[in-house]
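Asker: So here's work-v1.csv (CSV, C-alpha atoms).
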```csv
chain,number,residue,atom,x,y,z
Y,2,MET,CA,-2.4,94.7,126.0
Y,3,SER,CA,-0.9,94.9,129.3
Y,4,LYS,CA,2.4,96.6,130.0
Y,5,ARG,CA,5.0,94.5,131.5
Y,6,ASN,CA,6.7,95.7,134.5
Y,7,THR,CA,10.3,95.6,133.5
Y,8,PRO,CA,13.1,97.4,135.3
Y,9,SER,CA,14.6,100.1,133.1
Y,10,ALA,CA,18.2,99.7,132.1
Y,11,PRO,CA,20.6,101.7,134.1
Y,12,VAL,CA,21.9,104.8,132.4
Y,13,LEU,CA,25.6,104.7,131.9
Y,14,THR,CA,27.4,107.9,131.9
Y,15,GLN,CA,30.6,108.1,130.1
Y,16,GLU,CA,33.3,109.9,132.0
Y,17,ALA,CA,36.0,111.8,130.3
Y,18,PRO,CA,39.3,110.0,130.2
Y,19,PRO,CA,41.8,111.3,132.7
Y,20,ALA,CA,44.2,113.9,131.4
Y,21,THR,CA,47.5,112.6,130.2
Y,22,PRO,CA,50.2,113.4,132.7
Y,23,THR,CA,52.9,115.6,131.2
Y,24,TRP,CA,55.7,113.2,132.1
Y,25,SER,CA,54.1,110.5,129.8
Y,26,VAL,CA,53.8,112.6,126.7
Y,27,PRO,CA,57.3,111.7,125.4
Y,28,LEU,CA,56.5,108.0,126.0
Y,29,LEU,CA,53.2,108.3,124.1
Y,30,ARG,CA,54.9,110.1,121.2
Y,31,ALA,CA,57.7,107.5,121.1
Y,32,HIS,CA,55.0,104.8,120.9
Y,33,LYS,CA,53.2,106.7,118.2
Y,34,ILE,CA,56.3,107.0,116.0
Y,35,GLN,CA,57.0,103.3,116.5
Y,36,THR,CA,53.5,102.5,115.4
Y,37,LEU,CA,53.7,104.7,112.3
Y,38,ALA,CA,57.1,103.3,111.4
Y,39,GLY,CA,55.8,99.8,111.9
Y,40,GLN,CA,52.9,100.6,109.5
Y,41,LEU,CA,55.3,101.9,106.9
Y,42,MET,CA,57.5,98.8,107.3
Y,43,GLY,CA,54.4,96.6,107.0
Y,44,ALA,CA,53.4,98.3,103.7
Y,45,ALA,CA,57.0,97.8,102.4
Y,46,LEU,CA,56.9,94.1,103.3
Y,47,ARG,CA,53.5,93.6,101.7
Y,48,ASN,CA,54.9,95.3,98.5
Y,49,GLN,CA,57.9,93.1,98.5
Y,50,VAL,CA,55.8,89.9,98.9
Y,51,GLY,CA,53.5,91.2,96.2
Y,52,THR,CA,56.4,91.8,93.9
Y,53,ALA,CA,57.8,88.4,94.6
Y,54,THR,CA,54.5,86.8,93.6
Y,55,LEU,CA,54.0,89.0,90.5
Y,56,LEU,CA,57.4,88.5,88.9
Y,57,PRO,CA,57.2,84.7,88.2
Y,58,MET,CA,53.8,85.3,86.6
Y,59,ARG,CA,54.8,88.0,84.2
Y,60,LEU,CA,58.3,87.9,82.9
Y,61,ASP,CA,57.6,90.1,79.9
Y,62,ALA,CA,59.6,93.2,79.0
Y,63,SER,CA,56.8,95.7,79.7
Y,64,LEU,CA,56.6,94.7,83.3
Y,65,TRP,CA,60.4,95.3,83.7
Y,66,GLN,CA,60.1,98.6,81.8
Y,67,GLU,CA,57.4,99.8,84.2
Y,68,MET,CA,59.4,98.8,87.2
Y,69,LEU,CA,62.4,100.6,85.8
Y,70,ALA,CA,60.3,103.7,85.3
Y,71,ILE,CA,59.1,103.5,88.9
Y,72,GLN,CA,62.7,103.3,90.1
Y,73,GLN,CA,63.6,106.3,87.9
Y,74,ASP,CA,60.7,108.3,89.3
Y,75,VAL,CA,61.8,107.4,92.9
Y,76,ALA,CA,65.4,108.4,92.1
Y,77,GLN,CA,64.2,111.7,90.7
Y,78,ARG,CA,62.0,112.5,93.7
Y,79,CYS,CA,65.0,111.6,96.0
Y,80,GLY,CA,67.1,114.0,94.0
Y,81,GLN,CA,64.6,116.8,94.4
Y,82,GLN,CA,64.5,116.2,98.1
Y,83,GLN,CA,68.3,116.3,98.3
Y,84,GLN,CA,68.4,119.5,96.2
Y,85,ALA,CA,66.0,121.1,98.6
Y,86,TRP,CA,68.5,120.2,101.4
Y,87,VAL,CA,71.4,121.7,99.5
Y,88,ASP,CA,69.5,124.8,98.7
Y,89,GLY,CA,68.4,125.2,102.3
Y,90,CYS,CA,72.0,124.8,103.5
Y,91,LYS,CA,73.1,127.4,100.9
Y,92,GLY,CA,70.4,129.8,102.2
Y,93,LEU,CA,71.7,129.3,105.8
Y,94,GLY,CA,75.2,130.0,104.7
Y,95,GLN,CA,74.1,133.2,102.9
Y,96,ALA,CA,72.1,134.3,106.0
Y,97,TYR,CA,75.1,133.6,108.2
Y,98,SER,CA,77.5,135.5,105.9
Y,99,GLN,CA,75.2,138.5,105.9
Y,100,LEU,CA,75.0,138.9,109.6
Y,101,THR,CA,76.2,142.2,110.9
Y,102,MET,CA,78.5,142.2,113.9
Y,103,ALA,CA,76.3,142.5,117.0
Y,104,GLN,CA,76.9,145.4,119.3
Y,105,THR,CA,75.4,143.8,122.3
Y,106,LEU,CA,75.0,140.4,123.8
Y,107,SER,CA,71.3,140.4,123.3
Y,108,GLN,CA,71.6,141.2,119.6
Y,109,PHE,CA,74.1,138.4,119.2
Y,110,VAL,CA,71.9,135.9,120.9
Y,111,GLU,CA,68.9,137.0,118.8
Y,112,GLN,CA,70.9,136.6,115.6
Y,113,GLU,CA,72.1,133.1,116.6
Y,114,HIS,CA,68.6,132.2,117.6
Y,115,GLN,CA,67.2,133.2,114.2
Y,116,LEU,CA,69.8,131.1,112.5
Y,117,ALA,CA,69.0,128.2,114.7
Y,118,ASP,CA,65.3,128.6,113.9
Y,119,GLN,CA,66.1,128.6,110.2
Y,120,PHE,CA,68.2,125.4,110.6
Y,121,ASN,CA,65.5,123.7,112.7
Y,122,ALA,CA,62.9,124.7,110.1
Y,123,LEU,CA,65.1,123.2,107.3
Y,124,VAL,CA,65.6,119.9,109.3
Y,125,ALA,CA,61.9,119.7,110.1
Y,126,SER,CA,61.0,120.3,106.4
Y,127,GLN,CA,63.5,117.6,105.3
Y,128,LEU,CA,62.2,115.0,107.9
Y,129,ALA,CA,58.6,115.6,106.9
Y,130,GLY,CA,59.6,115.6,103.2
Y,131,TRP,CA,61.4,112.3,103.4
Y,132,ALA,CA,58.6,110.7,105.5
Y,133,ASP,CA,56.0,111.9,103.0
Y,134,LEU,CA,58.2,110.6,100.1
Y,135,MET,CA,58.5,107.2,101.7
Y,136,GLN,CA,54.8,106.9,102.3
Y,137,THR,CA,53.9,108.2,98.8
Y,138,ILE,CA,56.3,105.7,97.2
Y,139,GLN,CA,54.8,102.8,99.2
Y,140,LEU,CA,51.2,103.8,98.4
Y,141,ASP,CA,51.9,104.4,94.7
Y,142,TYR,CA,53.8,101.2,94.4
Y,143,ALA,CA,51.0,99.3,96.2
Y,144,ASP,CA,48.5,100.7,93.7
Y,145,TRP,CA,50.6,99.8,90.7
Y,146,LEU,CA,51.2,96.3,92.2
Y,147,ALA,CA,47.4,95.8,92.7
Y,148,GLN,CA,46.7,96.8,89.1
Y,149,LYS,CA,49.3,94.3,87.8
Y,150,GLN,CA,48.0,91.5,90.0
Y,151,ALA,CA,44.5,92.1,88.8
Y,152,GLN,CA,45.7,91.9,85.2
Y,153,ALA,CA,47.6,88.6,85.9
```
Once more with this new file: its structure as structure tokens, please.

Answerer:
Amino acid sequence: MSKRNTPSAPVLTQEAPPATPTWSVPLLRAHKIQTLAGQLMGAALRNQVGTATLLPMRLDASLWQEMLAIQQDVAQRCGQQQQAWVDGCKGLGQAYSQLTMAQTLSQFVEQEHQLADQFNALVASQLAGWADLMQTIQLDYADWLAQKQAQA
């Protein structure tokens, strides 16, 4: 057998993407949150459409009882999240009331900074908690809906 004289394919080297300019990072993050929020809204819409298609097929009491149980579970989880906020605010109030009078400006600034850090941590925790709760509710409901549609 003779070897055919074929030119070898050019070797393509993959260059690293250029570094993201610092000024564009907020824009990229804004785009990311828009994308993530859009995905969550899409899941909510799919769940609503699925519910609308499921209800006419199954108008029995057990379906309504399960849906009521889901709503009660959601209300309980929302109550827990709200209680975490109230407890966090109470903790901030206690921390503020226990501050000693600063003797210097630097001590005062440090105390205020620590309180601001605690407040920021509470807000961050709440935001993450609510976002997680929304996602969990959507996913759990989508799973339940898929099971019910498979049974129909």

Asker: Within 12 Å of range 106-119 of chain Y, counting all atoms listed in the file, which residues qualify if same-chain residues fewer than 5 places away don't, as a list in words?

Answerer: Gly89, Cys90, Lys91, Gly92, Leu93, Gly94, Gln95, Ala96, Tyr97, Ser98, Gln99, Leu100, Thr101, Val124, Ala125 and Ser126 of chain Y

Asker: Dump C-alpha atoms for the selected residues as a short mmCIF file (atom, residue, chain, number, x, y, z; two decimals), in the frame of the given file?

Answerer:
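Writing the result to out_12.cif gives the following:
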```cif
data_model
loop_
_atom_site.label_atom_id
_atom_site.label_comp_id
_atom_site.auth_asym_id
_atom_site.auth_seq_id
_atom_site.Cartn_x
_atom_site.Cartn_y
_atom_site.Cartn_z
CA GLY Y 89 68.40 125.20 102.30
CA CYS Y 90 72.00 124.80 103.50
CA LYS Y 91 73.10 127.40 100.90
CA GLY Y 92 70.40 129.80 102.20
CA LEU Y 93 71.70 129.30 105.80
CA GLY Y 94 75.20 130.00 104.70
CA GLN Y 95 74.10 133.20 102.90
CA ALA Y 96 72.10 134.30 106.00
CA TYR Y 97 75.10 133.60 108.20
CA SER Y 98 77.50 135.50 105.90
CA GLN Y 99 75.20 138.50 105.90
CA LEU Y 100 75.00 138.90 109.60
CA THR Y 101 76.20 142.20 110.90
CA VAL Y 124 65.60 119.90 109.30
CA ALA Y 125 61.90 119.70 110.10
CA SER Y 126 61.00 120.30 106.40
#
```

Asker: From the set Y:Cys79, Y:Ala85, Y:Val26, Y:Leu56, which residue has the shortest atom-to-atom contact distance to Ala132 in chain Y, counting only C-alpha atoms?

Answerer: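 Nearest to Ala132 in chain Y: Y:Cys79.
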
Asker: What are the closest atom pairs, with distances in Å to one decimal, for all residues of range 100-136 of chain Y lying within 12 Å of range 37-41 of chain Y? Consider all atoms listed in the file, order rows by chain and residue number, and present the result as JSON lines.

Answerer:
```
{"residue": "Y:Ala132", "atom": "CA", "partner": "Y:Leu41", "partner_atom": "CA", "distance": 9.5}
{"residue": "Y:Asp133", "atom": "CA", "partner": "Y:Leu41", "partner_atom": "CA", "distance": 10.8}
{"residue": "Y:Leu134", "atom": "CA", "partner": "Y:Leu41", "partner_atom": "CA", "distance": 11.4}
{"residue": "Y:Met135", "atom": "CA", "partner": "Y:Leu41", "partner_atom": "CA", "distance": 8.1}
{"residue": "Y:Gln136", "atom": "CA", "partner": "Y:Leu41", "partner_atom": "CA", "distance": 6.8}
```

Asker: Compile the contact shell of Gly43 in chain Y as a list in words: residues with an atom at most 12 Å away, counting only C-alpha atoms, same-chain residues fewer than 6 positions apart removed.

Answerer: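 In the requested form, the answer reads Gln35, Thr36, Leu37, Gln49, Val50, Gln136, Gln139, Leu140 and Ala143 of chain Y.
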
Asker: What does the distance between CA of Asp144 in chain Y and CA of Arg30 in chain Y come to in Å, to one decimal place?

Answerer: 29.8 Å

Asker: What does the distance from CA of Leu123 in chain Y to CA of Val87 in chain Y come to in Å, to one decimal?

Answerer: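 CA of Val87 in chain Y lies 10.1 Å from CA of Leu123 in chain Y.
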
Asker: Counting only C-alpha atoms, what is within 10 Å of Leu146 in chain Y, bar same-chain residues fewer than 5 positions away, as a ChimeraX atom specification?

Answerer: /Y:48-49,51-52,55,68,140-141,151-152
